[in-house]
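Shown next: data-v8.pdb, containing PDB, C-alpha atoms.
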ATOM      1  CA  GLY A  79      35.451-194.380  71.756
ATOM      2  CA  LEU A  80      36.310-197.543  69.892
ATOM      3  CA  PRO A  81      36.210-198.054  66.112
ATOM      4  CA  ASP A  82      32.871-199.285  64.728
ATOM      5  CA  TRP A  83      34.192-202.806  64.131
ATOM      6  CA  ALA A  84      34.560-203.221  67.900
ATOM      7  CA  ASP A  85      30.786-203.510  68.211
ATOM      8  CA  ARG A  86      30.756-206.941  66.565
ATOM      9  CA  ASP A  87      30.027-210.077  68.528
ATOM     10  CA  GLY A  88      32.825-211.965  70.241
ATOM     11  CA  PRO A  89      35.330-211.108  72.935
ATOM     12  CA  LEU A  90      37.709-208.214  72.474
ATOM     13  CA  VAL A  91      41.341-208.905  73.358
ATOM     14  CA  TYR A  92      43.383-205.772  73.919
ATOM     15  CA  VAL A  93      47.134-205.921  73.284
ATOM     16  CA  THR A  94      49.362-203.039  74.330
ATOM     17  CA  PHE A  95      52.998-202.620  75.229
ATOM     18  CA  GLY A  96      52.536-198.997  76.244
ATOM     19  CA  SER A  97      52.982-195.811  74.257
ATOM     20  CA  VAL A  98      56.786-195.606  74.552
ATOM     21  CA  ALA A  99      57.798-199.110  73.443
ATOM     22  CA  GLY A 100      56.850-198.456  69.835
ATOM     23  CA  ALA A 101      59.713-196.002  69.494
ATOM     24  CA  LEU A 102      62.226-198.750  70.304
ATOM     25  CA  PRO A 103      63.599-200.476  67.171
ATOM     26  CA  PRO A 104      62.960-204.114  68.136
ATOM     27  CA  PHE A 105      59.261-203.604  68.765
ATOM     28  CA  ALA A 106      58.123-203.799  65.135
ATOM     29  CA  GLY A 107      58.931-207.512  65.319
ATOM     30  CA  VAL A 108      57.224-207.913  68.698
ATOM     31  CA  PHE A 109      54.039-206.282  67.424
ATOM     32  CA  ARG A 110      54.012-208.536  64.362
ATOM     33  CA  ALA A 111      54.673-211.664  66.448
ATOM     34  CA  ALA A 112      51.770-210.820  68.774
ATOM     35  CA  LEU A 113      49.426-210.258  65.826
ATOM     36  CA  ASP A 114      50.476-213.540  64.223
ATOM     37  CA  ALA A 115      50.071-215.439  67.508
ATOM     38  CA  LEU A 116      46.483-214.192  67.879
ATOM     39  CA  ALA A 117      45.482-214.516  64.214
ATOM     40  CA  ASP A 118      43.474-217.721  64.755
ATOM     41  CA  LEU A 119      41.764-216.495  67.911
ATOM     42  CA  ASP A 120      37.986-216.662  67.823
ATOM     43  CA  GLY A 121      37.515-213.055  68.860
ATOM     44  CA  ARG A 122      38.549-209.514  68.032
ATOM     45  CA  VAL A 123      42.103-208.309  68.613
ATOM     46  CA  LEU A 124      42.810-204.638  69.179
ATOM     47  CA  MET A 125      46.431-203.524  69.441
ATOM     48  CA  THR A 126      47.716-200.060  70.246
ATOM     49  CA  VAL A 127      51.323-199.338  69.329
ATOM     50  CA  GLY A 128      52.032-195.692  70.161
ATOM     51  CA  ARG A 129      52.290-192.676  67.922
ATOM     52  CA  ALA A 130      55.883-193.390  66.816
ATOM     53  CA  VAL A 131      54.888-196.521  64.875
ATOM     54  CA  ASP A 132      54.066-196.431  61.159
ATOM     55  CA  LEU A 133      51.012-198.689  60.962
ATOM     56  CA  ASP A 134      51.727-199.608  57.326
ATOM     57  CA  GLY A 135      55.082-201.012  58.454
ATOM     58  CA  LEU A 136      53.285-203.803  60.325
ATOM     59  CA  GLY A 137      52.192-205.357  57.038
ATOM     60  CA  PRO A 138      48.842-207.018  56.392
ATOM     61  CA  LEU A 139      46.777-207.553  59.520
ATOM     62  CA  PRO A 140      44.971-210.765  60.403
ATOM     63  CA  ALA A 141      41.236-210.595  59.632
ATOM     64  CA  ASN A 142      40.366-210.463  63.341
ATOM     65  CA  ALA A 143      42.798-207.632  64.200
ATOM     66  CA  ARG A 144      42.817-203.858  64.163
ATOM     67  CA  VAL A 145      45.778-201.672  65.101
ATOM     68  CA  ALA A 146      45.686-198.059  66.236
ATOM     69  CA  GLN A 147      48.449-195.763  67.358
ATOM     70  CA  TRP A 148      46.429-194.663  70.359
ATOM     71  CA  LEU A 149      42.969-195.099  71.852
ATOM     72  CA  PRO A 150      41.673-194.062  75.281
ATOM     73  CA  GLN A 151      42.327-197.066  77.512
ATOM     74  CA  ASP A 152      39.221-196.504  79.609
ATOM     75  CA  ALA A 153      37.052-197.030  76.509
ATOM     76  CA  VAL A 154      39.035-200.097  75.450
ATOM     77  CA  LEU A 155      39.085-201.732  78.873
ATOM     78  CA  ALA A 156      35.359-201.218  79.290
ATOM     79  CA  GLU A 157      34.864-203.413  76.216
ATOM     80  CA  ALA A 158      37.855-205.773  76.383
ATOM     81  CA  ALA A 159      37.926-209.313  77.652
ATOM     82  CA  ARG A 160      38.941-209.622  81.279
ATOM     83  CA  ASP A 161      42.558-210.483  80.494
ATOM     84  CA  ALA A 162      44.639-208.114  78.404
ATOM     85  CA  LEU A 163      48.057-208.967  77.005
ATOM     86  CA  ARG A 164      50.271-206.081  78.095
ATOM     87  CA  ASP A 165      53.510-205.108  79.701
ATOM     88  CA  ALA A 166      53.718-204.061  83.329
ATOM     89  CA  GLY A 167      53.395-200.351  82.571
ATOM     90  CA  LEU A 168      49.605-200.095  82.604
TER      91      LEU A 168
END

Could you render the structure from this file as structure tokens?
Amino acid sequence: GLPDWADRDGPLVYVTFGSVAGALPPFAGVFRAALDALADLDGRVLMTVGRAVDLDGLGPLPANARVAQWLPQDAVLAEAARDALRDAGL
């Protein structure tokens, strides 16, 4: 399931670049850029980054964002807003 904070009001925007991309060196900057771009969004942002990413390395998260290494996509997509920001690997 989703973390407890996901039950709050407001749309849930799910951001994922797949489970492999996080192991590629340039993606720490891509993850941070996506979080910063969505920081002022009136909604909840959930990003999954893959198990190779050190979550502390992303720095402080925007108040509306949560990051997890992995969550079951069926649970996320059942809750997420209709459009998800992702790569083509879904």

Quiz item: Quick one: of A:Ala117, A:Val127, A:Val145, A:Leu80, who's nearest to A:Val98, counting all atoms listed in the file?
Solution: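 Among A:Ala117, A:Val127, A:Val145, A:Leu80, it is A:Val127 that comes nearest to A:Val98.
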
Practice problem: Excluding A:Asn142 and residues on its chain fewer than 5 positions from it, collect all residues at most 12 Å away from it, counting all atoms listed in the file, and give them as a ChimeraX atom specification. | Solution: /A:83-84,86-92,113-125

Quiz prompt | Atomic separation - atom CA of A:Glu157 relative to atom CA of A:Ala99, Å | solution = 23.5 Å

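Residues of protein, DNA and RNA with at least one atom no farther than 10 Å from (46.8, -198.5, 68.2) are, using all atoms listed in the file, A:Tyr92, A:Val93, A:Thr94, A:Gly96, A:Ser97, A:Leu124, A:Met125, A:Thr126, A:Val127, A:Gly128, A:Arg129, A:Val131, A:Leu133, A:Arg144, A:Val145, A:Ala146, A:Gln147, A:Trp148, A:Leu149, A:Pro150.
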
Exercise. Could you please determine the separation between atom CA of A:Asp152 and atom CA of A:Leu102 in Å, to one decimal place?
Key: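 Interatomic distance, atom CA of A:Asp152 to atom CA of A:Leu102: 24.9 Å.
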
Quiz item: Leaving out A:Arg110 and any residue of its chain fewer than 4 positions from it, which residues lie within 9 Å of it when counting all atoms listed in the file, given as a ChimeraX atom specification?
Solution: /A:105-106,114-115,136-137,139

Would you output that residue set with C-alpha atoms, as a short mmCIF file (atom, residue, chain, number, x, y, z; two decimals), in the frame of the given file?
data_model
loop_
_atom_site.label_atom_id
_atom_site.label_comp_id
_atom_site.auth_asym_id
_atom_site.auth_seq_id
_atom_site.Cartn_x
_atom_site.Cartn_y
_atom_site.Cartn_z
CA PHE A 105 59.26 -203.60 68.76
CA ALA A 106 58.12 -203.80 65.14
CA ASP A 114 50.48 -213.54 64.22
CA ALA A 115 50.07 -215.44 67.51
CA LEU A 136 53.28 -203.80 60.32
CA GLY A 137 52.19 -205.36 57.04
CA LEU A 139 46.78 -207.55 59.52
#

Quiz item: How many Å separate atom CA of A:Gly135 from atom CA of A:Ala111?
Solution: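 Separation between atom CA of A:Gly135 and atom CA of A:Ala111: 13.3 Å.
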
Let me know the centre plus edge lengths, in Å and rounded to one decimal, of a box with edges along x, y and z that contains all listed atoms of stretch 133-150 of chain A and is padded by 8 Å on every side, as JSON.
{"center_x": 47.7, "center_y": -202.4, "center_z": 65.8, "size_x": 30.7, "size_y": 32.7, "size_z": 34.9}

From the structure block, carefully write stretch 86-104 of chain A out with C-alpha atoms; format it as a PDB file, in the first residue's frame.
ATOM      1  CA  ARG A  86      -4.614  13.372   2.585  1.00  0.00           C
ATOM      2  CA  ASP A  87      -6.843  15.468   0.382  1.00  0.00           C
ATOM      3  CA  GLY A  88      -5.626  16.667  -2.996  1.00  0.00           C
ATOM      4  CA  PRO A  89      -4.473  14.946  -6.153  1.00  0.00           C
ATOM      5  CA  LEU A  90      -1.546  12.563  -6.065  1.00  0.00           C
ATOM      6  CA  VAL A  91       1.038  13.017  -8.816  1.00  0.00           C
ATOM      7  CA  TYR A  92       3.270  10.004  -9.306  1.00  0.00           C
ATOM      8  CA  VAL A  93       6.761  10.552 -10.722  1.00  0.00           C
ATOM      9  CA  THR A  94       8.879   7.591 -11.776  1.00  0.00           C
ATOM     10  CA  PHE A  95      11.715   7.017 -14.191  1.00  0.00           C
ATOM     11  CA  GLY A  96      11.692   3.267 -13.638  1.00  0.00           C
ATOM     12  CA  SER A  97      13.700   1.121 -11.257  1.00  0.00           C
ATOM     13  CA  VAL A  98      16.900   0.986 -13.338  1.00  0.00           C
ATOM     14  CA  ALA A  99      17.467   4.687 -14.055  1.00  0.00           C
ATOM     15  CA  GLY A 100      18.415   5.439 -10.466  1.00  0.00           C
ATOM     16  CA  ALA A 101      21.605   3.437 -10.854  1.00  0.00           C
ATOM     17  CA  LEU A 102      22.783   5.765 -13.632  1.00  0.00           C
ATOM     18  CA  PRO A 103      24.976   8.627 -12.339  1.00  0.00           C
ATOM     19  CA  PRO A 104      23.156  11.576 -13.941  1.00  0.00           C
TER      20      PRO A 104
END
